[in-house]
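All remarks here apply to the structure that follows.
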Amino acid sequence: MSQSVIAPVLCTHCGEECITTDIQWDDKTFCCEGCKMVYGIINQNGLCTYYDLNKMPGITQRVKNRPDKFSFLDDDTIGAKLISFRDEKQTHVTFYLPQMHCSSCLYLLENLRRLNEAVLSSTVNFTRKEVTIIFLHNKTTLREVADLLTAIGYEPYISLNDLGNKRPLLKKSLIYQLGVAGFCFGNIMMLSFPEYLGVDVSEEGLRSIFRWANLALSLPVFFYSALPYYQSSWKSLKHRFLNIDVPIALAIIITFVRSVVEVVSGTGGGYFDSMSGIVFYMLIGRVLQDKTYRQLSFERDYTSYFPIAVSAVKDKNEIPTLLPDVKINDTLLIHNEELIPADGILTRGKAFIDYSFVTGESLPVRKEIGEMVYAGGKQTGGNIEVLVVREVAQSYLTGLWNRNDRHQEKGKSFVHQVSRYFTLIVFIIAAVTAIYWKTHDPAKIWPAVTAIFIIACPCALLLSNNFTNGHILRILGLNRFYLRKAGIIEDITKVSHVVFDKTGTLTDSEKQETVYEGKPLTDEQRSLVTALAASSNHPLSKAIVKYWGASRGLSVQGFIEKPGEGTEGYVNNVHVSLGASAGNFHLPGKKGTMVYVSIEGQTVGYFRFSNYYRSFVPSLLKTLRHYYTISVVSGDNDAEKENLRQLAGADSVLLFNQKPADKLVYIAQLQKKGEKVMMIGDGLNDAGALQQSDTGIAVSAHANNFTPASDGIIAAENLGLLEKFIRLCHINRKIVIASFGMSVIYNIVGLYFAVQGTLSPLIAAILMPSSSLSIVLLTFGASNLAAASMKLKR
């Protein structure tokens, strides 16, 4: 009797396919008891708007969380390092929630107070995927708050990095400086109108009051708001390097000094409006850039990946221990799906370790008692115990970051190089002007020379650079390509060689290409196999269910799953097994991962799994190889060599079985040949190569989660847009050059008046805002036009 495959039923909470329809709440069906429980909590507290805002917005709860996972938060020493504020009644804490993805998440998380009355408020930072919670610690605990978030599907991700509170937030001082400059600039402009329009002799007293008021308002701008430019200039000069902030700081000082002299001597109103305007517009550009690339953390090290605490076994008791306190010869208890934080020897249990994020190998590795296990691997079987032989800071994983001693300076802008010549030209013009007026009218030396430095400030060049870079960074960010700083845009334009990692970069590590080969199976036999596969959470089991479709109404008895060996059980009283052992089945010699199917003890066939290349990979590689040399380096074996050769082209370089150090050395060799290398990878095994490269881009399915230190982070699904992103970076440089050309025209007009010593505050007040406004409009319009032509979000 055959059994047909039924159309899938999706879980009300998470949208995953339901293997059985037995798990229900009212008329709602769920894929597991975990999703049903989350729905119950939300429903009972009147928060079902969560499901109205987005369809099936939850995260699957099939993998159960360990009840005591956050027991380490009961330790006040650990808790104190996480909270940001605590008084007699309240505690403030911020958690990172990588599961946050939609408006439903926002709604639920901001209504935590309805789930626990001890929670006073919860504020979500959606961009950073963080929630700040204020709770009454006499009614609930930090652990209970973490358990509450976990119960509704938002398990906090707490890493060792949180001990240092390393949060790349926008500097508040910069915001204050911008606010002060804006306030003073606006008021100075208003008080300067009598100066622009002229006043009667009878109102000289009033004009004098306005001048002194402008002087008073300029003091906070000069001594506080302009500080970043003084500090940058001083650092530059100490290193015997002339960056663009030096002539800007000089212009600010000269403008202020001349203005003070004019007001004190009663000979004029000065140029306080121009000075405050320079500072205000420059700070806007700086804040725009900082706000864009500080949304994500790029300077990640092993502390961002390691847990904050681990379970140590002492006198047969499980003791939560801070990771820095773990010492050699300590015994650690590692639970299922937990990271191994230190190199050690397996002393109890069977280890089935997923090293994909460390070595690039796509399949878990089986380890027996007495074998070495290394930090960075994730245990995917039962509980194991590990005897520490190397401390956390000395582990293999930390070496992936520390091995690279090449501290190159990335993101160095050509603007600083241009500013050298710009400053030199300004000094020459000032010197020639001074010589000329010394022989003709010495009284005009002071007003002419100072006016040259006021009007020829390279602020327009910096403005064009900051606004264009800031806007390009914003466009790239909207398309989920985040750069660490603006200078990386220019580094991208110099790239000549692109190196790809394979696993997790060109391929989707969560998907497999699946093919069944062997004896043809009836529909009933297929249903038996998929029913068994559906009982397992192993990725290959899920691939089998997806390949043949889920079956209904079949019960699985005596289910056993052995890490590294497979699964078996009785489906409708028929013994079925899926595993790595072929038995007496003939193996045709094909490469790839095999899962063998046995029914009633007889091997009937096998599933062959190969890498699933992202849909856009063929077109991406085809486009890039026209402009760049392509290399693919992988920690995997060469089973995919033929496929990759077709995708990457005959001239590409394909390297397999590459260790992390091998990848780094390969990139260094390319650089010795004069190549400018862009490295694109996803795992810790790529960390050294990403740092060594001229531009390192980390690929992530979750933009804030588990990416090594890099110059940029790109969402995996948007990697296909890489060629467009590179093109946009090239256009960015053209826009900056065009903006600079426009600013030169304004400078020439201003210098015409300056060298004659006739530059009035009115002319300066017209030229400065006009130049700035024109540049903003040009950069904004040109950037948007370029993005629109490529059909990018903007």
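As shown in the structure tokens, the chain order sets the letters A, B, ...; within each chain, residues go from 1, and ligands are also counted from 1 in the order they appear.
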
All residues 10 Å or closer to Trp548 of chain A, only C-alpha atoms, same chain fewer than 3 positions away omitted, as a PyMOL selection string
chain A and resi 5+514+516+523+526-527+529-530+543-545+551

Export C-alpha atoms of the chosen residues as a PDB file, in the first residue's frame?
```pdb
ATOM      1  CA  VAL A   5       3.165  12.912   0.470  1.00  0.00           C
ATOM      2  CA  THR A 514      20.965  16.070  -2.077  1.00  0.00           C
ATOM      3  CA  TYR A 516      19.496   9.545  -3.647  1.00  0.00           C
ATOM      4  CA  ASP A 523       6.343   5.729  -1.587  1.00  0.00           C
ATOM      5  CA  ARG A 526      10.269   6.749   1.417  1.00  0.00           C
ATOM      6  CA  SER A 527       7.779   7.694   4.118  1.00  0.00           C
ATOM      7  CA  VAL A 529      12.868   6.968   5.850  1.00  0.00           C
ATOM      8  CA  THR A 530      11.621  10.562   6.119  1.00  0.00           C
ATOM      9  CA  ALA A 543      18.099  17.771   4.171  1.00  0.00           C
ATOM     10  CA  ILE A 544      16.626  14.312   3.622  1.00  0.00           C
ATOM     11  CA  VAL A 545      13.211  15.450   4.854  1.00  0.00           C
ATOM     12  CA  SER A 551       5.379  12.127   5.886  1.00  0.00           C
TER      13      SER A 551
END
```

Within 6 Å of segment 221-229 of chain A, counting only C-alpha atoms, which residues show up once you throw out same-chain ones fewer than 3 positions away? Write them as number ranges by chain, please.
A: 177, 181, 218, 232-233, 245, 249

Excluding same-chain residues fewer than 3 positions from Gly712 of chain A, what lies within 7 Å of it counting only C-alpha atoms, as a list in words?
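My reading of the contact set: Tyr482, Leu483, Arg484, Gly696, Ile697 and Ala698 of chain A.
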
Residues near Val632 of chain A, anyone? I mean within 6 Å using only C-alpha atoms, not counting same-chain ones fewer than 6 positions away, as a PyMOL selection string.
chain A and resi 499-501+654

Fewer than 4 positions away in the same chain doesn't count, so skip those; otherwise give me all residues within 12 Å of Val495 of chain A, counting only C-alpha atoms, as a list in words.
Ile488, Ile489, Glu490, Asp491, Val499, Leu624, Tyr627, Tyr628, Thr629, Ile630, Leu670, Gln671, Gly674, Glu675, Lys676, Val677, Met678, Met679, Ser693, Asp694, Thr695, Gly696, Glu723, Ile726, Arg727, Cys729 and His730 of chain A

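Here atom CA of Val749 of chain A stands at a distance of 17.3 Å from atom CA of Tyr271 of chain A.
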
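Considering the residues A:Val633, A:Ile209, A:Ile737, A:Val597 and counting only C-alpha atoms, Lys659 of chain A has its shortest atom-to-atom contact with A:Val633.
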
Residues of segment 619-772 of chain A classed as alpha helix (DSSP H) by DSSP on the backbone are to be reported as number ranges by chain.
A: 619-624, 641-648, 660-672, 687-692, 722-754, 761-772

Option closest in space to Val736 of chain A, from A:Asn214, A:Ser121, A:Ser783, A:Gln379 [counting only C-alpha atoms]:
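Among the listed residues, A:Ser783 lies closest to Val736 of chain A.
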
When you count only C-alpha atoms, which of these residues is closest to Tyr596 of chain A: A:Gly518, A:Gly285, A:Gly205, A:Gly549?
A:Gly518

Which residues are near Phe352 of chain A? Cut-off 6 Å, only C-alpha atoms, ignore same chain within fewer than 4 positions. Put them as a ChimeraX atom specification.
/A:365-366,379-381,563

Set the distance at 9 Å and use only C-alpha atoms: which residues neighbour Leu191 of chain A once local chain neighbours fewer than 3 positions away are removed? I'd like the list as a count of residues only.
9

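Take the candidates A:Leu778, A:Met372, A:Leu115, A:Ala754 and check each one against Asn45 of chain A using only C-alpha atoms; the shortest distance goes to A:Leu115.
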
Which residue, A:Cys102, A:Ala393, A:Ala443, A:Ile455, has the smallest gap to Pro247 of chain A when you use only C-alpha atoms?
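Once distances to Pro247 of chain A are computed over only C-alpha atoms, the minimum belongs to A:Ile455.
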
Would you mind telling me which residue in A:Tyr612, A:Phe30, A:Tyr570, A:Tyr157 lies nearest to Glu600 of chain A when using only C-alpha atoms?
A:Tyr570
